[in-house]
Amino acid sequence: MFLVGLLLTSCASETSSYKNRENEDIYIDFASVFGFKSDYYCYFHLDGCEACSYLTSKIEIKARESNNIYVVDALVDYNVGYRRDDIIGVDNVANITFVGFPCLYYISNQKIKAIFIGVNEITNELF
């Protein structure tokens, strides 16, 4: 029951130095999540997730105006996590888990430092 509630509320190198990036500049593949040396956000969304559909276009606009936000299509067979604390400090894509979608991971020094899940948490962090 808790999982259903969670799904309903949240739907389960260096960065470039120029502004107004295009979608091909903001979308990265899953394997590249830890590929940057500066501090940045990775926004993960999942096809078919209603909350993701609502938020993704807003994130794309924000990412085009920023140098530190990347958009990642979550993999279909992603690893399900149960606790946010288990994700903090992860530095390898094989160990990334997801508690819900959409989600935003703040990455610093090539490690996950903070996690924001669902429209409200992501909106409060970025907007």
# chains A, B, ... in the order shown; residues from 1 in each chain; ligands from 1
call {"tool": "select_by_dssp", "arguments": {"residues": "chain A", "states": "strand (DSSP E or B)", "output": "PDB file with N, CA, C and O atoms, in the first residue's frame"}}
result
ATOM      1  N   TYR A  27      20.403  16.356 -22.548  1.00  0.00           N
ATOM      2  CA  TYR A  27      20.120  14.932 -22.362  1.00  0.00           C
ATOM      3  C   TYR A  27      21.421  14.150 -22.363  1.00  0.00           C
ATOM      4  O   TYR A  27      22.246  14.318 -23.256  1.00  0.00           O
ATOM      5  N   TYR A  40      26.421  19.297 -10.181  1.00  0.00           N
ATOM      6  CA  TYR A  40      25.311  19.356 -11.118  1.00  0.00           C
ATOM      7  C   TYR A  40      24.163  18.482 -10.642  1.00  0.00           C
ATOM      8  O   TYR A  40      24.302  17.710  -9.686  1.00  0.00           O
ATOM      9  N   TYR A  41      23.038  18.629 -11.317  1.00  0.00           N
ATOM     10  CA  TYR A  41      21.849  17.826 -11.055  1.00  0.00           C
ATOM     11  C   TYR A  41      21.592  16.885 -12.227  1.00  0.00           C
ATOM     12  O   TYR A  41      21.793  17.268 -13.381  1.00  0.00           O
ATOM     13  N   CYS A  42      21.116  15.689 -11.925  1.00  0.00           N
ATOM     14  CA  CYS A  42      20.612  14.775 -12.944  1.00  0.00           C
ATOM     15  C   CYS A  42      19.143  14.519 -12.635  1.00  0.00           C
ATOM     16  O   CYS A  42      18.805  14.051 -11.549  1.00  0.00           O
ATOM     17  N   TYR A  43      18.307  14.851 -13.587  1.00  0.00           N
ATOM     18  CA  TYR A  43      16.866  14.644 -13.464  1.00  0.00           C
ATOM     19  C   TYR A  43      16.518  13.364 -14.204  1.00  0.00           C
ATOM     20  O   TYR A  43      16.811  13.223 -15.391  1.00  0.00           O
ATOM     21  N   PHE A  44      15.909  12.405 -13.516  1.00  0.00           N
ATOM     22  CA  PHE A  44      15.529  11.128 -14.104  1.00  0.00           C
ATOM     23  C   PHE A  44      14.015  11.087 -14.277  1.00  0.00           C
ATOM     24  O   PHE A  44      13.273  11.409 -13.343  1.00  0.00           O
ATOM     25  N   HIS A  45      13.585  10.698 -15.454  1.00  0.00           N
ATOM     26  CA  HIS A  45      12.153  10.546 -15.706  1.00  0.00           C
ATOM     27  C   HIS A  45      11.918   9.216 -16.392  1.00  0.00           C
ATOM     28  O   HIS A  45      12.828   8.590 -16.914  1.00  0.00           O
ATOM     29  N   ILE A  69      22.305  21.274 -15.073  1.00  0.00           N
ATOM     30  CA  ILE A  69      21.184  20.346 -15.012  1.00  0.00           C
ATOM     31  C   ILE A  69      21.217  19.467 -16.258  1.00  0.00           C
ATOM     32  O   ILE A  69      21.312  19.975 -17.373  1.00  0.00           O
ATOM     33  N   TYR A  70      21.119  18.169 -16.036  1.00  0.00           N
ATOM     34  CA  TYR A  70      21.081  17.207 -17.130  1.00  0.00           C
ATOM     35  C   TYR A  70      19.837  16.346 -16.978  1.00  0.00           C
ATOM     36  O   TYR A  70      19.373  16.090 -15.870  1.00  0.00           O
ATOM     37  N   VAL A  71      19.297  15.894 -18.097  1.00  0.00           N
ATOM     38  CA  VAL A  71      18.094  15.070 -18.123  1.00  0.00           C
ATOM     39  C   VAL A  71      18.494  13.670 -18.574  1.00  0.00           C
ATOM     40  O   VAL A  71      19.240  13.511 -19.539  1.00  0.00           O
ATOM     41  N   VAL A  72      17.971  12.666 -17.860  1.00  0.00           N
ATOM     42  CA  VAL A  72      18.324  11.274 -18.144  1.00  0.00           C
ATOM     43  C   VAL A  72      17.038  10.460 -18.253  1.00  0.00           C
ATOM     44  O   VAL A  72      16.186  10.524 -17.369  1.00  0.00           O
ATOM     45  N   ASP A  73      16.906   9.719 -19.343  1.00  0.00           N
ATOM     46  CA  ASP A  73      15.804   8.770 -19.455  1.00  0.00           C
ATOM     47  C   ASP A  73      16.163   7.574 -18.586  1.00  0.00           C
ATOM     48  O   ASP A  73      17.190   6.934 -18.802  1.00  0.00           O
ATOM     49  N   VAL A  80      15.421  -0.884  -8.094  1.00  0.00           N
ATOM     50  CA  VAL A  80      14.496  -0.278  -7.146  1.00  0.00           C
ATOM     51  C   VAL A  80      15.176  -0.178  -5.793  1.00  0.00           C
ATOM     52  O   VAL A  80      15.759  -1.137  -5.304  1.00  0.00           O
ATOM     53  N   PHE A  98      16.467   3.689  -7.518  1.00  0.00           N
ATOM     54  CA  PHE A  98      15.413   4.700  -7.572  1.00  0.00           C
ATOM     55  C   PHE A  98      14.313   4.345  -6.589  1.00  0.00           C
ATOM     56  O   PHE A  98      13.829   3.222  -6.577  1.00  0.00           O
ATOM     57  N   CYS A 103      12.719  11.974 -10.301  1.00  0.00           N
ATOM     58  CA  CYS A 103      13.668  12.220  -9.221  1.00  0.00           C
ATOM     59  C   CYS A 103      14.837  13.046  -9.752  1.00  0.00           C
ATOM     60  O   CYS A 103      15.124  13.069 -10.942  1.00  0.00           O
ATOM     61  N   LEU A 104      15.444  13.736  -8.826  1.00  0.00           N
ATOM     62  CA  LEU A 104      16.552  14.623  -9.129  1.00  0.00           C
ATOM     63  C   LEU A 104      17.679  14.269  -8.170  1.00  0.00           C
ATOM     64  O   LEU A 104      17.465  14.234  -6.956  1.00  0.00           O
ATOM     65  N   TYR A 105      18.857  13.968  -8.708  1.00  0.00           N
ATOM     66  CA  TYR A 105      20.005  13.656  -7.873  1.00  0.00           C
ATOM     67  C   TYR A 105      21.013  14.786  -8.011  1.00  0.00           C
ATOM     68  O   TYR A 105      21.363  15.181  -9.124  1.00  0.00           O
ATOM     69  N   TYR A 106      21.462  15.314  -6.873  1.00  0.00           N
ATOM     70  CA  TYR A 106      22.507  16.327  -6.869  1.00  0.00           C
ATOM     71  C   TYR A 106      23.833  15.595  -6.738  1.00  0.00           C
ATOM     72  O   TYR A 106      24.034  14.812  -5.807  1.00  0.00           O
ATOM     73  N   ILE A 107      24.735  15.845  -7.683  1.00  0.00           N
ATOM     74  CA  ILE A 107      26.015  15.138  -7.727  1.00  0.00           C
ATOM     75  C   ILE A 107      27.149  16.140  -7.546  1.00  0.00           C
ATOM     76  O   ILE A 107      27.202  17.161  -8.227  1.00  0.00           O
ATOM     77  N   SER A 108      28.018  15.841  -6.610  1.00  0.00           N
ATOM     78  CA  SER A 108      29.175  16.679  -6.331  1.00  0.00           C
ATOM     79  C   SER A 108      30.383  15.766  -6.140  1.00  0.00           C
ATOM     80  O   SER A 108      30.274  14.732  -5.463  1.00  0.00           O
ATOM     81  N   LYS A 111      29.838  12.032  -6.794  1.00  0.00           N
ATOM     82  CA  LYS A 111      29.067  11.211  -5.854  1.00  0.00           C
ATOM     83  C   LYS A 111      27.699  11.846  -5.659  1.00  0.00           C
ATOM     84  O   LYS A 111      27.571  13.075  -5.673  1.00  0.00           O
ATOM     85  N   ILE A 112      26.692  11.021  -5.444  1.00  0.00           N
ATOM     86  CA  ILE A 112      25.356  11.546  -5.160  1.00  0.00           C
ATOM     87  C   ILE A 112      25.360  12.119  -3.750  1.00  0.00           C
ATOM     88  O   ILE A 112      25.682  11.426  -2.789  1.00  0.00           O
ATOM     89  N   LYS A 113      25.000  13.408  -3.649  1.00  0.00           N
ATOM     90  CA  LYS A 113      25.007  14.100  -2.362  1.00  0.00           C
ATOM     91  C   LYS A 113      23.608  14.346  -1.815  1.00  0.00           C
ATOM     92  O   LYS A 113      23.421  14.460  -0.610  1.00  0.00           O
ATOM     93  N   ALA A 114      22.607  14.466  -2.707  1.00  0.00           N
ATOM     94  CA  ALA A 114      21.233  14.742  -2.265  1.00  0.00           C
ATOM     95  C   ALA A 114      20.255  14.182  -3.287  1.00  0.00           C
ATOM     96  O   ALA A 114      20.582  14.057  -4.467  1.00  0.00           O
ATOM     97  N   ILE A 115      19.052  13.874  -2.799  1.00  0.00           N
ATOM     98  CA  ILE A 115      18.016  13.270  -3.635  1.00  0.00           C
ATOM     99  C   ILE A 115      16.709  14.011  -3.419  1.00  0.00           C
ATOM    100  O   ILE A 115      16.337  14.301  -2.278  1.00  0.00           O
ATOM    101  N   PHE A 116      16.016  14.283  -4.516  1.00  0.00           N
ATOM    102  CA  PHE A 116      14.714  14.946  -4.468  1.00  0.00           C
ATOM    103  C   PHE A 116      13.763  14.093  -5.294  1.00  0.00           C
ATOM    104  O   PHE A 116      14.032  13.805  -6.450  1.00  0.00           O
ATOM    105  N   ILE A 117      12.650  13.682  -4.686  1.00  0.00           N
ATOM    106  CA  ILE A 117      11.718  12.779  -5.348  1.00  0.00           C
ATOM    107  C   ILE A 117      10.342  13.418  -5.432  1.00  0.00           C
ATOM    108  O   ILE A 117       9.834  13.945  -4.440  1.00  0.00           O
TER     109      ILE A 117
END
call {"tool": "select_by_dssp", "arguments": {"residues": "segment 20-101 of chain A", "states": "helix (DSSP H, G or I)", "output": "MDAnalysis selection string"}}
result
chainID A and resid 23:26 30:32 50:64 84:86 93:95
call {"tool": "closest_residue", "arguments": {"among": "A:Asn124, A:Ile96, A:Tyr82, A:Leu75", "to": "Asp29 of chain A", "atoms": "only C-alpha atoms"}}
result
A:Leu75
call {"tool": "residues_around", "arguments": {"residues": "Leu46 of chain A", "least_positions_apart": "2", "cutoff": "10 Å", "atoms": "only C-alpha atoms", "output": "PyMOL selection string"}}
result
chain A and resi 11-12+44+48-53+56+72-76+100-103
call {"tool": "write_last_selection", "arguments": {"atoms": "N, CA and C atoms", "output": "compact mmCIF listing (two decimals), in the first residue's frame"}}
result
# COMPACT_ATOMS: atom_id res chain seq x y z
N CYS A 11 5.19 8.97 -8.68
CA CYS A 11 5.31 8.12 -9.87
C CYS A 11 6.54 7.19 -9.73
N ALA A 12 6.85 6.26 -8.95
CA ALA A 12 8.14 5.58 -8.73
C ALA A 12 9.41 6.00 -9.67
N PHE A 44 15.91 12.41 -13.52
CA PHE A 44 15.53 11.13 -14.10
C PHE A 44 14.01 11.09 -14.28
N GLY A 48 5.69 7.09 -19.45
CA GLY A 48 4.44 6.59 -18.90
C GLY A 48 4.13 7.11 -17.51
N CYS A 49 5.03 7.84 -16.91
CA CYS A 49 4.83 8.40 -15.58
C CYS A 49 4.16 9.76 -15.73
N GLU A 50 2.96 9.91 -15.18
CA GLU A 50 2.21 11.15 -15.34
C GLU A 50 2.91 12.34 -14.69
N ALA A 51 3.45 12.15 -13.50
CA ALA A 51 4.17 13.24 -12.83
C ALA A 51 5.41 13.63 -13.63
N CYS A 52 6.08 12.65 -14.23
CA CYS A 52 7.25 12.93 -15.07
C CYS A 52 6.84 13.76 -16.29
N SER A 53 5.74 13.39 -16.92
CA SER A 53 5.25 14.12 -18.09
C SER A 53 4.98 15.57 -17.75
N THR A 56 8.84 17.19 -16.85
CA THR A 56 9.98 17.11 -17.76
C THR A 56 10.14 18.34 -18.65
N VAL A 72 17.97 12.67 -17.86
CA VAL A 72 18.32 11.27 -18.14
C VAL A 72 17.04 10.46 -18.25
N ASP A 73 16.91 9.72 -19.34
CA ASP A 73 15.80 8.77 -19.45
C ASP A 73 16.16 7.57 -18.59
N ALA A 74 15.32 7.29 -17.60
CA ALA A 74 15.60 6.15 -16.72
C ALA A 74 15.48 4.86 -17.52
N LEU A 75 16.26 3.91 -17.15
CA LEU A 75 16.24 2.63 -17.83
C LEU A 75 14.99 1.85 -17.44
N VAL A 76 14.50 1.02 -18.34
CA VAL A 76 13.33 0.21 -18.05
C VAL A 76 13.62 -0.75 -16.90
N GLY A 100 11.53 6.44 -6.43
CA GLY A 100 10.33 6.89 -7.12
C GLY A 100 10.70 7.83 -8.25
N PHE A 101 9.73 8.14 -9.08
CA PHE A 101 9.94 9.04 -10.24
C PHE A 101 8.88 10.12 -10.23
N PRO A 102 9.19 11.29 -10.75
CA PRO A 102 10.50 11.76 -11.21
C PRO A 102 11.42 11.96 -10.01
N CYS A 103 12.72 11.97 -10.30
CA CYS A 103 13.67 12.22 -9.22
C CYS A 103 14.84 13.05 -9.75
call {"tool": "atom_distance", "arguments": {"atom1": "atom CA of Ser32 of chain A", "atom2": "atom CA of Val90 of chain A"}}
result
14.0 Å
call {"tool": "closest_residue", "arguments": {"among": "A:Thr123, A:Thr97, A:Ser38, A:Asn92", "to": "Lys58 of chain A", "atoms": "only C-alpha atoms"}}
result
A:Thr123
call {"tool": "atom_distance", "arguments": {"atom1": "atom CA of Ile61 of chain A", "atom2": "atom CA of Asn120 of chain A"}}
result
17.3 Å
call {"tool": "closest_residue", "arguments": {"among": "A:Asp91, A:Asp39, A:Glu24, A:Glu125", "to": "Arg64 of chain A", "atoms": "only C-alpha atoms"}}
result
A:Glu24
